[in-house]
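Peer 1: Input structure: coords.cif, which contains mmCIF, C-alpha atoms and all ligand atoms.
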data_structure
loop_
_atom_site.label_atom_id
_atom_site.label_comp_id
_atom_site.auth_asym_id
_atom_site.auth_seq_id
_atom_site.Cartn_x
_atom_site.Cartn_y
_atom_site.Cartn_z
CA MET A 2 -20.55 -110.15 -20.10
CA ASN A 3 -21.75 -112.67 -22.64
CA LEU A 4 -18.76 -114.77 -23.61
CA GLY A 5 -20.83 -116.94 -25.91
CA GLY A 6 -21.55 -120.63 -25.95
CA PHE A 7 -19.26 -123.08 -24.21
CA GLU A 8 -17.42 -120.36 -22.32
CA SER A 9 -20.54 -118.51 -21.30
CA SER A 10 -22.42 -121.55 -20.09
CA ILE A 11 -19.75 -122.43 -17.57
CA ALA A 12 -17.99 -119.12 -17.45
CA ILE A 13 -16.12 -117.08 -14.91
CA SER A 14 -14.60 -120.07 -13.17
CA LYS A 15 -10.87 -120.40 -13.83
CA LYS A 16 -11.43 -124.13 -14.01
CA THR A 17 -13.60 -123.62 -17.06
CA ALA A 18 -10.86 -121.69 -18.79
CA VAL A 19 -8.63 -124.73 -18.29
CA GLY A 20 -11.24 -126.93 -19.98
CA GLY A 21 -11.65 -124.53 -22.91
CA LYS A 22 -7.88 -124.34 -23.35
CA ALA A 23 -7.66 -128.13 -23.39
CA ILE A 24 -10.13 -128.30 -26.26
CA ARG A 25 -8.28 -125.60 -28.18
CA ASP A 26 -4.96 -127.41 -27.60
CA TYR A 27 -6.52 -130.62 -28.86
CA LYS A 28 -7.79 -128.92 -32.02
CA SER A 29 -4.38 -127.41 -32.60
CA LEU A 30 -2.83 -130.88 -32.27
CA LEU A 31 -5.36 -132.22 -34.74
CA GLN A 32 -4.27 -129.64 -37.30
CA LYS A 33 -0.55 -130.15 -36.81
CA GLN A 34 -0.21 -133.82 -36.06
CA SER A 35 -1.83 -137.13 -36.79
CA ARG A 36 -5.32 -137.95 -35.61
CA ALA A 37 -3.90 -140.79 -33.47
CA GLU A 38 -1.69 -138.37 -31.56
CA ALA A 39 -4.56 -135.99 -31.12
CA ARG A 40 -6.79 -138.79 -29.84
CA SER A 41 -4.24 -139.67 -27.18
CA TYR A 42 -4.64 -136.15 -25.82
CA SER A 43 -8.32 -136.98 -25.55
CA ARG A 44 -10.62 -137.28 -22.60
CA SER A 45 -8.00 -137.05 -19.87
CA SER A 46 -6.91 -133.62 -21.03
CA ILE A 47 -10.21 -132.23 -22.19
CA LEU A 48 -12.81 -133.62 -19.86
CA GLU A 49 -10.86 -134.22 -16.70
CA SER A 50 -9.51 -130.70 -16.74
CA ILE A 51 -13.00 -129.51 -15.97
CA SER A 52 -14.80 -132.58 -14.66
CA GLY A 53 -15.27 -133.03 -10.97
CA ASN A 54 -14.98 -129.31 -10.46
CA VAL A 55 -17.81 -127.15 -9.30
CA VAL A 56 -18.14 -124.46 -11.89
CA GLY A 57 -20.84 -122.03 -12.85
CA ASN A 58 -21.92 -118.63 -13.93
CA ASP A 59 -22.19 -117.38 -10.39
CA ASN A 60 -19.61 -119.58 -8.62
CA LYS A 61 -22.28 -120.30 -5.99
CA GLN A 62 -24.95 -122.94 -6.39
CA CYS A 63 -24.44 -123.85 -10.03
CA PHE A 64 -22.98 -127.28 -10.54
CA HIS A 65 -21.80 -128.73 -13.81
CA PHE A 66 -19.50 -131.57 -14.68
CA GLY A 67 -17.60 -132.34 -17.81
CA ILE A 68 -18.82 -130.59 -20.90
CA ASN A 69 -22.09 -128.78 -20.42
CA VAL A 70 -24.11 -129.22 -23.58
CA CYS A 71 -27.66 -129.69 -24.90
CA ASP A 72 -31.04 -129.06 -23.36
CA THR A 73 -34.32 -130.83 -24.07
CA PHE A 74 -37.76 -129.74 -22.92
CA VAL A 75 -41.43 -130.59 -23.25
CA ALA A 76 -44.54 -128.55 -22.60
CA LEU A 77 -47.61 -130.71 -22.00
CA ALA A 78 -51.09 -129.90 -23.28
CA ASP A 79 -52.16 -128.03 -20.12
CA ALA A 80 -49.17 -125.69 -20.47
CA THR A 81 -49.54 -124.80 -24.15
CA LEU A 82 -51.63 -122.17 -25.87
CA ASN A 83 -53.25 -124.60 -28.34
CA GLY A 84 -53.36 -127.74 -26.23
CA ASP A 85 -50.55 -129.37 -28.23
CA VAL A 86 -47.65 -131.18 -26.65
CA ILE A 87 -44.51 -129.25 -27.66
CA PHE A 88 -41.05 -130.83 -27.69
CA GLY A 89 -37.75 -129.02 -28.25
CA LYS A 90 -34.03 -129.70 -28.22
CA ASN A 91 -30.74 -128.12 -29.22
CA SER A 92 -27.95 -130.50 -30.17
CA ASP A 93 -24.62 -129.07 -29.03
CA ARG A 94 -21.67 -130.84 -30.55
CA PRO A 95 -17.96 -130.24 -31.15
CA ASN A 96 -17.32 -127.16 -33.24
CA GLY A 97 -17.43 -127.93 -36.98
CA GLU A 98 -18.98 -131.41 -36.75
CA VAL A 99 -21.51 -131.94 -39.55
CA GLN A 100 -25.05 -132.73 -38.46
CA ASP A 101 -27.74 -133.65 -41.00
CA VAL A 102 -31.51 -133.92 -40.89
CA VAL A 103 -32.48 -137.15 -42.64
CA SER A 104 -35.71 -139.03 -43.31
CA CYS A 105 -35.65 -142.84 -43.21
CA PRO A 106 -38.64 -144.87 -44.44
CA ALA A 107 -40.33 -147.66 -42.53
CA THR A 108 -38.88 -151.10 -43.20
CA ARG A 109 -39.93 -154.75 -42.95
CA ASN A 110 -37.13 -157.16 -42.21
CA ASP A 111 -36.45 -160.86 -42.11
CA VAL A 112 -35.63 -162.86 -39.01
CA GLY A 113 -31.84 -163.02 -38.75
CA ASP A 114 -31.24 -159.63 -40.38
CA LEU A 115 -28.54 -157.64 -38.61
CA LEU A 116 -28.37 -153.92 -37.96
CA GLN A 117 -25.05 -152.07 -37.86
CA CYS A 118 -25.25 -149.34 -35.22
CA THR A 119 -22.34 -146.94 -34.60
CA SER A 120 -20.01 -149.61 -33.24
CA LEU A 121 -22.17 -152.65 -32.46
CA GLN A 122 -24.12 -154.99 -34.69
CA ILE A 123 -27.45 -156.11 -33.23
CA PRO A 124 -30.45 -158.09 -34.52
CA GLN A 125 -32.73 -155.95 -36.65
CA ALA A 126 -36.38 -155.55 -35.68
CA LYS A 127 -39.05 -157.25 -37.77
CA GLN A 128 -40.49 -153.82 -38.51
CA THR A 129 -39.14 -150.28 -38.16
CA TYR A 130 -41.11 -147.03 -38.31
CA ALA A 131 -40.45 -144.03 -40.55
CA VAL A 132 -38.29 -141.47 -38.77
CA ILE A 133 -36.87 -137.99 -39.21
CA LEU A 134 -33.50 -137.72 -37.51
CA SER A 135 -31.08 -134.93 -36.67
CA LYS A 136 -27.80 -136.82 -36.56
CA PRO A 137 -24.04 -136.26 -36.63
CA ARG A 138 -23.02 -137.54 -40.07
CA TRP A 139 -20.29 -139.86 -38.77
CA MET A 140 -22.50 -141.89 -36.42
CA TRP A 141 -25.47 -144.21 -36.97
CA GLY A 142 -27.43 -142.78 -34.09
CA ALA A 143 -29.21 -139.46 -33.73
CA GLU A 144 -29.23 -136.61 -31.25
CA MET A 145 -32.99 -136.23 -31.65
CA GLY A 146 -35.85 -136.90 -33.99
CA ALA A 147 -39.43 -138.05 -34.41
CA ASN A 148 -41.30 -140.99 -35.87
CA GLU A 149 -44.47 -141.53 -37.88
CA HIS A 150 -46.44 -142.31 -34.69
CA GLY A 151 -45.80 -138.88 -33.19
CA VAL A 152 -43.00 -139.91 -30.83
CA ALA A 153 -40.18 -137.39 -30.32
CA ILE A 154 -36.99 -138.21 -28.39
CA GLY A 155 -33.87 -136.26 -27.44
CA ASN A 156 -30.94 -137.33 -25.26
CA GLU A 157 -28.55 -135.56 -22.93
CA ALA A 158 -25.06 -136.35 -21.67
CA VAL A 159 -25.15 -136.94 -17.91
CA TRP A 160 -22.22 -137.39 -15.55
CA THR A 161 -22.65 -140.02 -12.86
CA THR A 162 -20.76 -142.07 -10.29
CA GLU A 163 -20.97 -145.28 -12.36
CA ALA A 164 -18.10 -146.39 -14.61
CA TYR A 165 -18.12 -145.34 -18.27
CA SER A 166 -17.85 -148.18 -20.77
CA GLU A 167 -15.79 -148.01 -23.93
CA SER A 168 -18.19 -150.33 -25.74
CA GLY A 169 -21.93 -150.59 -26.07
CA LEU A 170 -24.73 -148.69 -27.77
CA LEU A 171 -24.35 -144.93 -27.83
CA GLY A 172 -27.10 -142.89 -26.26
CA MET A 173 -27.66 -141.52 -29.76
CA ASP A 174 -28.04 -145.08 -31.13
CA LEU A 175 -30.66 -145.67 -28.46
CA VAL A 176 -32.54 -142.49 -29.46
CA ARG A 177 -32.76 -143.78 -33.03
CA LEU A 178 -33.65 -147.33 -31.98
CA GLY A 179 -36.39 -145.97 -29.71
CA LEU A 180 -37.85 -143.99 -32.60
CA GLU A 181 -37.56 -146.82 -35.12
CA ARG A 182 -39.14 -149.40 -32.80
CA GLY A 183 -41.46 -147.48 -30.43
CA ALA A 184 -45.04 -146.59 -31.44
CA SER A 185 -45.48 -144.51 -28.27
CA ALA A 186 -43.20 -142.68 -25.84
CA LEU A 187 -43.59 -145.47 -23.29
CA GLU A 188 -42.97 -148.19 -25.88
CA ALA A 189 -39.81 -146.36 -26.97
CA LEU A 190 -38.70 -146.12 -23.35
CA HIS A 191 -39.00 -149.89 -22.98
CA VAL A 192 -37.11 -150.39 -26.26
CA ILE A 193 -34.24 -148.28 -24.88
CA VAL A 194 -33.99 -149.93 -21.47
CA ASP A 195 -34.32 -153.44 -22.94
CA LEU A 196 -31.51 -152.75 -25.42
CA MET A 197 -29.41 -151.23 -22.62
CA ALA A 198 -29.86 -154.42 -20.63
CA ALA A 199 -28.86 -156.54 -23.61
CA TYR A 200 -25.91 -154.54 -24.98
CA GLY A 201 -25.03 -151.85 -22.42
CA GLN A 202 -24.51 -148.17 -23.05
CA GLY A 203 -21.08 -146.94 -23.97
CA GLY A 204 -18.64 -146.18 -26.74
CA ASN A 205 -17.06 -143.04 -28.05
CA CYS A 206 -19.48 -140.16 -28.61
CA ALA A 207 -17.11 -137.90 -30.58
CA GLU A 208 -15.53 -138.39 -33.98
CA HIS A 209 -12.06 -137.01 -33.37
CA PHE A 210 -11.42 -137.38 -29.66
CA ASP A 211 -12.53 -139.59 -26.79
CA MET A 212 -15.72 -138.64 -25.02
CA THR A 213 -17.96 -141.08 -23.21
CA TYR A 214 -20.98 -140.31 -21.08
CA HIS A 215 -24.16 -141.71 -19.67
CA ASN A 216 -27.49 -140.55 -20.98
CA SER A 217 -30.82 -139.12 -20.05
CA TYR A 218 -33.76 -138.97 -22.44
CA LEU A 219 -36.93 -137.01 -22.85
CA LEU A 220 -39.58 -138.97 -24.75
CA ALA A 221 -42.92 -137.44 -25.76
CA ASP A 222 -45.97 -138.31 -27.84
CA PRO A 223 -49.38 -136.62 -28.12
CA ALA A 224 -50.63 -138.39 -24.99
CA GLU A 225 -47.62 -138.93 -22.70
CA ALA A 226 -44.16 -137.68 -21.83
CA TRP A 227 -41.40 -139.44 -19.92
CA VAL A 228 -37.96 -138.60 -18.60
CA LEU A 229 -35.59 -141.58 -18.56
CA GLU A 230 -32.28 -141.20 -16.71
CA THR A 231 -29.41 -143.69 -16.63
CA ALA A 232 -26.22 -144.29 -14.68
CA GLY A 233 -24.19 -147.15 -16.13
CA SER A 234 -26.61 -150.07 -16.36
CA TYR A 235 -29.09 -148.52 -13.91
CA TRP A 236 -32.08 -146.44 -14.93
CA VAL A 237 -35.17 -144.73 -13.60
CA ALA A 238 -38.09 -143.14 -15.44
CA GLU A 239 -40.61 -140.52 -14.43
CA GLN A 240 -43.84 -139.73 -16.22
CA ILE A 241 -44.46 -136.03 -16.76
CA THR A 242 -48.15 -135.38 -16.15
CA SER A 243 -48.52 -131.59 -16.35
CA GLY A 244 -46.77 -128.30 -17.04
CA THR A 245 -43.27 -128.20 -18.49
CA ARG A 246 -40.17 -130.27 -17.89
CA SER A 247 -36.61 -129.94 -19.12
CA ILE A 248 -33.43 -131.99 -18.82
CA SER A 249 -29.80 -130.98 -19.05
CA ASN A 250 -26.48 -132.57 -18.03
CA GLY A 251 -27.29 -133.88 -14.57
CA LEU A 252 -29.60 -136.45 -13.07
CA SER A 253 -32.88 -134.81 -12.12
CA ILE A 254 -35.19 -137.59 -10.99
CA HIS A 255 -35.26 -137.42 -7.21
CA GLY A 256 -36.97 -140.23 -5.38
CA LYS A 257 -38.07 -143.53 -6.86
CA GLY A 258 -39.52 -142.46 -10.19
CA ASP A 259 -42.44 -144.35 -11.75
CA LEU A 260 -40.42 -147.12 -13.38
CA ARG A 261 -36.92 -148.34 -12.63
CA HIS A 262 -34.24 -150.98 -13.13
CA PRO A 263 -35.37 -154.26 -11.48
CA GLU A 264 -32.29 -154.41 -9.27
CA LEU A 265 -33.13 -150.99 -7.83
CA ASP A 266 -36.60 -152.31 -7.01
CA ARG A 267 -35.04 -155.00 -4.87
CA LYS A 268 -32.60 -152.69 -3.09
CA MET A 269 -34.84 -149.69 -2.65
CA ASP A 270 -35.59 -148.32 0.80
CA GLU A 271 -37.82 -145.49 1.95
CA GLY A 272 -35.30 -142.75 1.32
CA PHE A 273 -34.28 -143.89 -2.16
CA ASP A 274 -33.27 -140.97 -4.39
CA PHE A 275 -31.92 -141.91 -7.83
CA ALA A 276 -30.34 -138.53 -8.60
CA HIS A 277 -28.70 -138.33 -5.21
CA LEU A 278 -27.47 -141.91 -5.30
CA PHE A 279 -25.81 -141.70 -8.72
CA SER A 280 -24.71 -138.04 -8.95
CA PRO A 281 -21.20 -137.00 -7.96
CA PRO A 282 -21.39 -135.39 -4.49
CA GLU A 283 -20.39 -132.04 -5.93
CA ALA A 284 -23.62 -132.07 -7.92
CA TRP A 285 -25.85 -132.26 -4.88
CA GLY A 286 -27.52 -128.90 -4.61
CA THR A 287 -30.01 -126.59 -6.17
CA VAL A 288 -29.81 -125.53 -9.80
CA SER A 289 -28.95 -121.86 -10.26
CA PRO A 290 -31.36 -119.91 -12.50
CA LEU A 291 -28.22 -118.43 -14.05
CA SER A 292 -27.06 -121.84 -15.30
CA ARG A 293 -28.09 -123.24 -18.66
CA GLU A 294 -30.24 -125.86 -16.97
CA GLY A 295 -31.84 -123.31 -14.68
CA ARG A 296 -32.40 -120.82 -17.49
CA VAL A 297 -34.29 -123.35 -19.66
CA ARG A 298 -36.38 -124.45 -16.70
CA GLN A 299 -37.23 -120.86 -15.87
CA LEU A 300 -38.08 -119.90 -19.47
CA CYS A 301 -40.37 -122.92 -19.81
CA GLN A 302 -42.11 -122.44 -16.48
CA GLN A 303 -42.78 -118.74 -17.00
CA SER A 304 -44.61 -119.53 -20.25
CA GLU A 305 -46.84 -122.24 -18.81
CA GLY A 306 -50.40 -121.65 -20.02
CA VAL A 307 -49.29 -119.74 -23.12
CA PHE A 308 -46.43 -121.94 -24.33
CA SER A 309 -46.38 -122.00 -28.14
CA LEU A 310 -44.23 -123.08 -31.07
CA GLN A 311 -42.78 -119.57 -30.97
CA THR A 312 -41.96 -119.94 -27.27
CA ALA A 313 -40.07 -123.15 -27.99
CA LYS A 314 -38.03 -121.51 -30.73
CA SER A 315 -37.21 -118.52 -28.55
CA VAL A 316 -36.01 -120.79 -25.70
CA LEU A 317 -33.68 -122.56 -28.13
CA ARG A 318 -32.39 -119.19 -29.42
CA ASP A 319 -31.65 -117.86 -25.91
CA HIS A 320 -28.17 -116.48 -25.33
CA SER A 321 -28.54 -115.31 -21.72
CA GLY A 322 -28.12 -118.86 -20.48
CA GLY A 323 -26.06 -120.01 -23.48
CA VAL A 324 -28.88 -122.24 -24.72
CA CYS A 325 -27.99 -121.32 -28.31
CA MET A 326 -24.36 -122.27 -27.97
CA HIS A 327 -21.39 -120.75 -29.78
CA GLY A 328 -17.77 -121.73 -29.16
CA ASP A 329 -15.73 -124.92 -28.91
CA PHE A 330 -18.97 -126.78 -28.53
CA GLU A 331 -21.80 -125.24 -30.50
CA THR A 332 -25.42 -125.81 -31.45
CA ARG A 333 -25.19 -127.91 -34.63
CA GLY A 334 -28.88 -128.77 -34.89
CA SER A 335 -32.23 -127.86 -33.39
CA GLN A 336 -35.70 -129.43 -33.32
CA VAL A 337 -39.15 -128.29 -32.31
CA SER A 338 -42.14 -130.63 -32.65
CA THR A 339 -45.83 -130.06 -32.01
CA LEU A 340 -47.49 -133.35 -31.11
CA THR A 341 -51.26 -133.81 -31.37
CA GLU A 342 -53.55 -136.73 -32.13
CA GLY A 343 -54.77 -134.79 -35.16
CA GLY A 344 -51.32 -134.51 -36.70
CA CYS A 345 -47.78 -133.74 -35.67
CA GLU A 346 -45.42 -131.15 -37.12
CA HIS A 347 -41.64 -131.28 -36.94
CA TRP A 348 -39.40 -128.26 -37.46
CA PHE A 349 -35.62 -128.47 -37.75
CA ILE A 350 -32.57 -126.31 -38.20
CA GLU A 351 -29.88 -128.28 -40.01
CA GLY A 352 -26.52 -126.92 -38.87
CA PRO A 353 -25.72 -123.91 -36.73
CA PHE A 354 -27.28 -121.71 -35.33
CA PRO A 355 -30.87 -121.34 -34.06
CA CYS A 356 -30.27 -117.60 -33.58
CA GLN A 357 -29.32 -117.20 -37.25
CA GLU A 358 -31.47 -119.70 -39.15
CA LYS A 359 -35.17 -120.31 -39.69
CA TYR A 360 -36.77 -123.57 -38.65
CA GLN A 361 -37.80 -125.65 -41.65
CA LYS A 362 -40.82 -127.98 -41.52
CA ARG A 363 -39.85 -131.54 -42.41
CA VAL A 364 -42.13 -134.40 -43.40
CA PHE A 365 -41.63 -138.16 -43.50
ZN ZN B 1 -26.88 -118.14 -31.18
#
What do you get writing this file as structure tokens?
Peer 2:
Amino acid sequence: MNLGGFESSIAISKKTAVGGKAIRDYKSLLQKQSRAEARSYSRSSILESISGNVVGNDNKQCFHFGINVCDTFVALADATLNGDVIFGKNSDRPNGEVQDVVSCPATRNDVGDLLQCTSLQIPQAKQTYAVILSKPRWMWGAEMGANEHGVAIGNEAVWTTEAYSESGLLGMDLVRLGLERGASALEALHVIVDLMAAYGQGGNCAEHFDMTYHNSYLLADPAEAWVLETAGSYWVAEQITSGTRSISNGLSIHGKGDLRHPELDRKMDEGFDFAHLFSPPEAWGTVSPLSREGRVRQLCQQSEGVFSLQTAKSVLRDHSGGVCMHGDFETRGSQVSTLTEGGCEHWFIEGPFPCQEKYQKRVF
């Protein structure tokens, strides 16, 4: 039975029903009472009612924590029909939140200029690149986007064993900063980890209730693709060299990665495994093909060699795994980009839902 969206992606478990009820109760509070009262209901009632529990479509080997939202994937040149690099992401956000697609021109700035991010003010860069962003209207940052140098970035909420901070740069702020300041995927990766080191990651990721998470990122350009995963102040990055790769709501880089936080370098032993070290124990296990994460991985892998723009759109419109999400959390924006040295194209859906709307080509 397809329950749709939030329910379907983590369905059948009674624990999930508790989480869904908590969100509905919160929304009811928001309608009847003040926003402050509703906020106090917040994370403890919504997230903790489902976090830490092993839930899944099949109640077997499918592990999810907290709210299970968003998927990002890349197909490298050897996996695609035309030899392009193809990037895709759905942005799944609280039901009804407004998400816009906006173009921002390149800027030149003076030393000492400040930049107001969602909650922090930081020094502005001397130069920023032109970007197209798909962003919740209330925040400065973006769920995903691309820049004039052919870099595309999307982030994911990940649940880890490290503490969550109430202040810092949002993962979405870091997506935008990476795009504005990175002329390649690797350059953007260094922008993100340097800013994390300077200001930390944290802050509230929702407009009307409390939700804080750590982040993973998929960064791609016509020549390279990287997965960057974080847990608190720690991070690891893995270069994707062939085929397809997707990320969802858990840490997926097993082993040492290709780049990592300097402190991990010092502490690392032979058996170092970033995902294992920083994932809650309940998340240790294989990913079910029936889960959202498993479904995206499977759809991408089975198209390797013939992966096209159409493939990317169909993955993001999939309902079997709840990739196109309907419910308390829903797909509020979608992006597909084809990245080539000869010219990149960026296609967006502004608002819900990929299954109902056509992708529109956007230019800088
Ligand atoms: Zn749909």
Peer 1: As a PyMOL selection string, please: every protein or nucleic acid residue near ligand ZN 1 (chain B) (cut-off 6 Å, counting all atoms listed in the file).
Peer 2: chain A and resi 318+325-326+354-356
Peer 1: Kindly indicate which residue among A:Ala126, A:Ala238, A:Met212, A:Leu340 lies nearest to Leu310 (chain A), using all atoms listed in the file for the distances.
Peer 2: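 Nearest candidate to Leu310 (chain A) out of A:Ala126, A:Ala238, A:Met212, A:Leu340: A:Leu340.
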Peer 1: Given all atoms listed in the file as the basis, pick out the residue of A:Asp266, A:Glu225, A:Glu239, A:Glu283 nearest to Asp85 (chain A).
Peer 2: A:Glu225
Peer 1: Write out as a list of chain:residue names the residues lying within 7 Å of Ala221 (chain A), counting only C-alpha atoms and excluding same-chain residues fewer than 2 positions away.
Peer 2: A:Val152, A:Ala153, A:Ile154, A:Ala186, A:Leu219, A:Pro223, A:Glu225, A:Ala226, A:Trp227
Peer 1: Would you compute the distance between CA of Gln125 (chain A) and CA of Val103 (chain A)? Give it in Å to one decimal.
Peer 2: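 For CA of Gln125 (chain A) relative to CA of Val103 (chain A), the distance reads 19.7 Å.
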Peer 1: Report, in Å to a single decimal, how far apart CA of Glu342 (chain A) and CA of Gly244 (chain A) are.
Peer 2: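 Computing the Euclidean distance for CA of Gly244 (chain A) and CA of Glu342 (chain A) yields 18.6 Å.
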Peer 1: State, in Å with one decimal place, the distance from CA of Thr245 (chain A) to CA of Cys345 (chain A).
Peer 2: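 CA of Cys345 (chain A) lies 18.6 Å from CA of Thr245 (chain A).
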Peer 1: Some atoms are missing, so please complete region 290-307 of chain A with N, CA and C atoms and return it as a JSON list (two decimals), keeping the file's coordinate frame.
Peer 2:
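Saved to result.json:
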[["chain", "number", "residue", "atom", "x", "y", "z"],
["A", 290, "PRO", "N", -30.63, -120.41, -11.33],
["A", 290, "PRO", "CA", -31.36, -119.91, -12.50],
["A", 290, "PRO", "C", -30.43, -119.27, -13.52],
["A", 291, "LEU", "N", -29.18, -119.02, -13.11],
["A", 291, "LEU", "CA", -28.22, -118.43, -14.05],
["A", 291, "LEU", "C", -27.53, -119.50, -14.90],
["A", 292, "SER", "N", -27.67, -120.77, -14.51],
["A", 292, "SER", "CA", -27.06, -121.84, -15.30],
["A", 292, "SER", "C", -27.92, -122.10, -16.53],
["A", 293, "ARG", "N", -27.34, -122.82, -17.47],
["A", 293, "ARG", "CA", -28.09, -123.24, -18.66],
["A", 293, "ARG", "C", -29.35, -124.01, -18.26],
["A", 294, "GLU", "N", -29.14, -125.00, -17.41],
["A", 294, "GLU", "CA", -30.24, -125.86, -16.97],
["A", 294, "GLU", "C", -31.33, -125.03, -16.30],
["A", 295, "GLY", "N", -30.89, -124.15, -15.41],
["A", 295, "GLY", "CA", -31.84, -123.31, -14.68],
["A", 295, "GLY", "C", -32.55, -122.33, -15.58],
["A", 296, "ARG", "N", -31.82, -121.79, -16.56],
["A", 296, "ARG", "CA", -32.40, -120.82, -17.49],
["A", 296, "ARG", "C", -33.52, -121.47, -18.32],
["A", 297, "VAL", "N", -33.27, -122.67, -18.85],
["A", 297, "VAL", "CA", -34.29, -123.35, -19.66],
["A", 297, "VAL", "C", -35.52, -123.65, -18.80],
["A", 298, "ARG", "N", -35.26, -124.13, -17.60],
["A", 298, "ARG", "CA", -36.38, -124.45, -16.70],
["A", 298, "ARG", "C", -37.23, -123.20, -16.44],
["A", 299, "GLN", "N", -36.54, -122.11, -16.17],
["A", 299, "GLN", "CA", -37.23, -120.86, -15.87],
["A", 299, "GLN", "C", -38.03, -120.36, -17.08],
["A", 300, "LEU", "N", -37.40, -120.38, -18.27],
["A", 300, "LEU", "CA", -38.08, -119.90, -19.47],
["A", 300, "LEU", "C", -39.32, -120.74, -19.77],
["A", 301, "CYS", "N", -39.21, -122.05, -19.56],
["A", 301, "CYS", "CA", -40.37, -122.92, -19.81],
["A", 301, "CYS", "C", -41.47, -122.66, -18.79],
["A", 302, "GLN", "N", -41.09, -122.59, -17.54],
["A", 302, "GLN", "CA", -42.11, -122.44, -16.48],
["A", 302, "GLN", "C", -42.84, -121.11, -16.59],
["A", 303, "GLN", "N", -42.11, -120.05, -16.97],
["A", 303, "GLN", "CA", -42.78, -118.74, -17.00],
["A", 303, "GLN", "C", -43.74, -118.61, -18.18],
["A", 304, "SER", "N", -43.68, -119.55, -19.12],
["A", 304, "SER", "CA", -44.61, -119.53, -20.25],
["A", 304, "SER", "C", -45.74, -120.55, -20.11],
["A", 305, "GLU", "N", -45.80, -121.23, -18.98],
["A", 305, "GLU", "CA", -46.84, -122.24, -18.81],
["A", 305, "GLU", "C", -48.22, -121.59, -18.93],
["A", 306, "GLY", "N", -49.07, -122.20, -19.74],
["A", 306, "GLY", "CA", -50.40, -121.65, -20.02],
["A", 306, "GLY", "C", -50.46, -120.97, -21.37],
["A", 307, "VAL", "N", -49.32, -120.42, -21.82],
["A", 307, "VAL", "CA", -49.29, -119.74, -23.12],
["A", 307, "VAL", "C", -48.13, -120.26, -23.99]]
